[in-house]
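**Q** Have a look at this one.
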Amino acid sequence: LAGVNFSQSCTWWGGTYGTFGANFVATLQATCRTVAGAYMTTSLDLNTCIINASGYLLCRPIHYIMRSGGFLGSCQPTNSPSTGDTYLQATCLDGQGGNNRASIDLDTCVGNADGVLVC
């Protein structure tokens, strides 16, 4: 499956997580192997792949319609996954007036499709 286990075929990853100006960002960048065996650097906006479900981070289901955007509308990233660490952590609104510390293994949501990171 192209949409999982990016860390198995990407040799380096990092990105931009947290506050950028007035917005929260979560962009994963990685160097990934292509089918031909070459390596290329690619990036992916994790807001298109992950949702906040009552304070928990989940992979966006394939047919899920993003009514209010991805998880960044109600979560703030609190770490920066990098090579060897595939877990993204965030503080998320739980829909009942509280906050929840949530995490998700990016390997469950992100894959490598011929050198390109995909949800």
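Every chain in the structure tokens takes a letter, A first, then B, and so on in the order presented; its residues are numbered from 1, and the ligands are numbered from 1 following the presented order.
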Could you pull out all residues of chain A with a DSSP call of helix (DSSP H, G or I) and give them as a list of chain:residue names?
**A**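 Checking each residue of chain A, the helix (DSSP H, G or I) ones are A:Phe6, A:Ser7, A:Gln8, A:Leu46, A:Asn47, A:Thr48, A:Phe71, A:Leu72, A:Gly73, A:Leu106, A:Asp107, A:Thr108.
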**Q** Just the residues within 12 Å of Tyr56 (chain A), please, counting only C-alpha atoms, with nothing from its chain fewer than 5 positions along; format it as a VMD selection string.
**A** chain A and resid 50 to 51 71 74 to 75 88 to 95 99 to 104
**Q** I need the residues from that last selection saved to file as a tab-separated table (two decimals), in the first residue's frame (with all heavy atoms), if you can.
**A**
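For reference, part.tsv as written:
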```
chain	number	residue	atom	x	y	z
A	50	ILE	N	-4.55	13.90	8.25
A	50	ILE	CA	-4.89	13.61	9.64
A	50	ILE	C	-6.07	14.48	10.08
A	50	ILE	O	-6.15	15.65	9.71
A	50	ILE	CB	-3.67	13.85	10.54
A	50	ILE	CG1	-2.52	12.94	10.12
A	50	ILE	CG2	-4.01	13.64	12.01
A	50	ILE	CD1	-1.19	13.26	10.77
A	51	ILE	N	-6.96	13.89	10.88
A	51	ILE	CA	-8.10	14.62	11.42
A	51	ILE	C	-8.08	14.53	12.95
A	51	ILE	O	-7.44	13.65	13.53
A	51	ILE	CB	-9.44	14.09	10.87
A	51	ILE	CG1	-9.65	12.62	11.27
A	51	ILE	CG2	-9.54	14.30	9.37
A	51	ILE	CD1	-11.03	12.09	10.97
A	71	PHE	N	-6.66	18.41	10.96
A	71	PHE	CA	-6.48	18.51	12.40
A	71	PHE	C	-5.96	19.85	12.88
A	71	PHE	O	-6.18	20.23	14.03
A	71	PHE	CB	-5.58	17.37	12.90
A	71	PHE	CG	-4.11	17.58	12.68
A	71	PHE	CD1	-3.30	17.97	13.73
A	71	PHE	CD2	-3.54	17.38	11.44
A	71	PHE	CE1	-1.94	18.15	13.55
A	71	PHE	CE2	-2.18	17.55	11.24
A	71	PHE	CZ	-1.37	17.94	12.31
A	74	SER	N	-8.00	22.48	14.98
A	74	SER	CA	-8.35	22.29	16.38
A	74	SER	C	-7.24	21.62	17.20
A	74	SER	O	-7.47	21.20	18.33
A	74	SER	CB	-9.62	21.44	16.49
A	74	SER	OG	-9.46	20.21	15.80
A	75	CYS	N	-6.05	21.53	16.62
A	75	CYS	CA	-4.90	20.92	17.30
A	75	CYS	C	-3.65	21.76	17.08
A	75	CYS	O	-3.51	22.40	16.04
A	75	CYS	CB	-4.60	19.52	16.77
A	75	CYS	SG	-5.90	18.30	16.98
A	88	LEU	N	3.77	11.84	15.65
A	88	LEU	CA	3.40	13.24	15.74
A	88	LEU	C	2.55	13.40	16.99
A	88	LEU	O	1.61	12.62	17.21
A	88	LEU	CB	2.60	13.67	14.51
A	88	LEU	CG	2.03	15.09	14.55
A	88	LEU	CD1	3.15	16.13	14.52
A	88	LEU	CD2	1.06	15.30	13.39
A	89	GLN	N	2.87	14.40	17.81
A	89	GLN	CA	2.10	14.68	19.01
A	89	GLN	C	1.48	16.06	18.90
A	89	GLN	O	2.06	16.95	18.28
A	89	GLN	CB	2.99	14.60	20.24
A	89	GLN	CG	3.60	13.23	20.44
A	89	GLN	CD	4.60	13.19	21.58
A	89	GLN	OE1	4.83	14.18	22.25
A	89	GLN	NE2	5.19	12.03	21.77
A	90	ALA	N	0.31	16.22	19.51
A	90	ALA	CA	-0.38	17.50	19.45
A	90	ALA	C	-1.32	17.63	20.64
A	90	ALA	O	-1.71	16.63	21.25
A	90	ALA	CB	-1.19	17.62	18.15
A	91	THR	N	-1.65	18.87	20.96
A	91	THR	CA	-2.71	19.15	21.93
A	91	THR	C	-3.94	19.51	21.11
A	91	THR	O	-3.90	20.42	20.29
A	91	THR	CB	-2.31	20.32	22.86
A	91	THR	OG1	-1.12	19.95	23.56
A	91	THR	CG2	-3.42	20.62	23.85
A	92	CYS	N	-5.03	18.76	21.34
A	92	CYS	CA	-6.23	18.90	20.52
A	92	CYS	C	-7.45	19.24	21.36
A	92	CYS	O	-7.61	18.72	22.48
A	92	CYS	CB	-6.51	17.60	19.77
A	92	CYS	SG	-5.20	17.11	18.64
A	93	LEU	N	-8.34	20.06	20.80
A	93	LEU	CA	-9.63	20.30	21.43
A	93	LEU	C	-10.44	19.00	21.36
A	93	LEU	O	-10.40	18.30	20.35
A	93	LEU	CB	-10.37	21.42	20.72
A	93	LEU	CG	-9.70	22.79	20.75
A	93	LEU	CD1	-10.49	23.78	19.91
A	93	LEU	CD2	-9.55	23.28	22.17
A	94	ASP	N	-11.16	18.70	22.44
A	94	ASP	CA	-11.91	17.44	22.48
A	94	ASP	C	-13.39	17.58	22.13
A	94	ASP	O	-14.14	16.61	22.19
A	94	ASP	CB	-11.75	16.74	23.83
A	94	ASP	CG	-12.35	17.53	24.98
A	94	ASP	OD1	-13.05	18.54	24.74
A	94	ASP	OD2	-12.12	17.13	26.14
A	95	GLY	N	-13.83	18.78	21.76
A	95	GLY	CA	-15.22	19.00	21.39
A	95	GLY	C	-16.15	19.20	22.58
A	95	GLY	O	-17.34	19.42	22.41
A	99	ASN	N	-9.05	19.94	26.45
A	99	ASN	CA	-7.93	19.61	25.58
A	99	ASN	C	-7.47	18.19	25.86
A	99	ASN	O	-7.64	17.67	26.96
A	99	ASN	CB	-6.74	20.55	25.84
A	99	ASN	CG	-7.02	21.96	25.41
A	99	ASN	OD1	-7.48	22.20	24.31
A	99	ASN	ND2	-6.74	22.91	26.29
A	100	ASN	N	-6.87	17.56	24.86
A	100	ASN	CA	-6.33	16.22	25.00
A	100	ASN	C	-4.96	16.18	24.34
A	100	ASN	O	-4.79	16.71	23.25
A	100	ASN	CB	-7.26	15.20	24.34
A	100	ASN	CG	-6.83	13.78	24.60
A	100	ASN	OD1	-6.54	13.41	25.73
A	100	ASN	ND2	-6.78	12.97	23.56
A	101	ARG	N	-4.00	15.57	25.02
A	101	ARG	CA	-2.69	15.33	24.40
A	101	ARG	C	-2.84	14.08	23.55
A	101	ARG	O	-3.19	13.01	24.05
A	101	ARG	CB	-1.60	15.15	25.44
A	101	ARG	CG	-1.27	16.47	26.14
A	101	ARG	CD	0.01	16.45	26.95
A	101	ARG	NE	1.15	15.77	26.39
A	101	ARG	CZ	1.99	16.27	25.47
A	101	ARG	NH1	1.79	17.48	25.00
A	101	ARG	NH2	3.00	15.57	25.03
A	102	ALA	N	-2.62	14.22	22.25
A	102	ALA	CA	-2.84	13.13	21.31
A	102	ALA	C	-1.56	12.84	20.54
A	102	ALA	O	-0.68	13.69	20.42
A	102	ALA	CB	-3.96	13.50	20.35
A	103	SER	N	-1.46	11.63	20.00
A	103	SER	CA	-0.34	11.28	19.14
A	103	SER	C	-0.80	10.29	18.09
A	103	SER	O	-1.82	9.62	18.24
A	103	SER	CB	0.82	10.69	19.96
A	103	SER	OG	0.47	9.45	20.50
A	104	ILE	N	-0.05	10.24	17.01
A	104	ILE	CA	-0.35	9.31	15.93
A	104	ILE	C	0.96	8.89	15.28
A	104	ILE	O	1.89	9.70	15.13
A	104	ILE	CB	-1.32	9.93	14.89
A	104	ILE	CG1	-1.81	8.87	13.92
A	104	ILE	CG2	-0.70	11.12	14.19
A	104	ILE	CD1	-3.00	9.31	13.10
```
**Q** With only C-alpha atoms as the atoms that count, which of A:Ala30, A:Val110, A:Val4, A:Leu57 lies nearest to Thr42 (chain A)?
**A**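 Comparing A:Ala30, A:Val110, A:Val4, A:Leu57 against Thr42 (chain A), the winner is A:Ala30.
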**Q** Interatomic distance between CA of Gly18 (chain A) and CA of Thr78 (chain A)?
**A** 6.7 Å
**Q** Which residue is closest to Gly15 (chain A)? Choose from A:Ser82, A:Gly37, A:Pro77, A:Leu72 and count only C-alpha atoms.
**A**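 Counting only C-alpha atoms, the residue closest to Gly15 (chain A) is A:Ser82.
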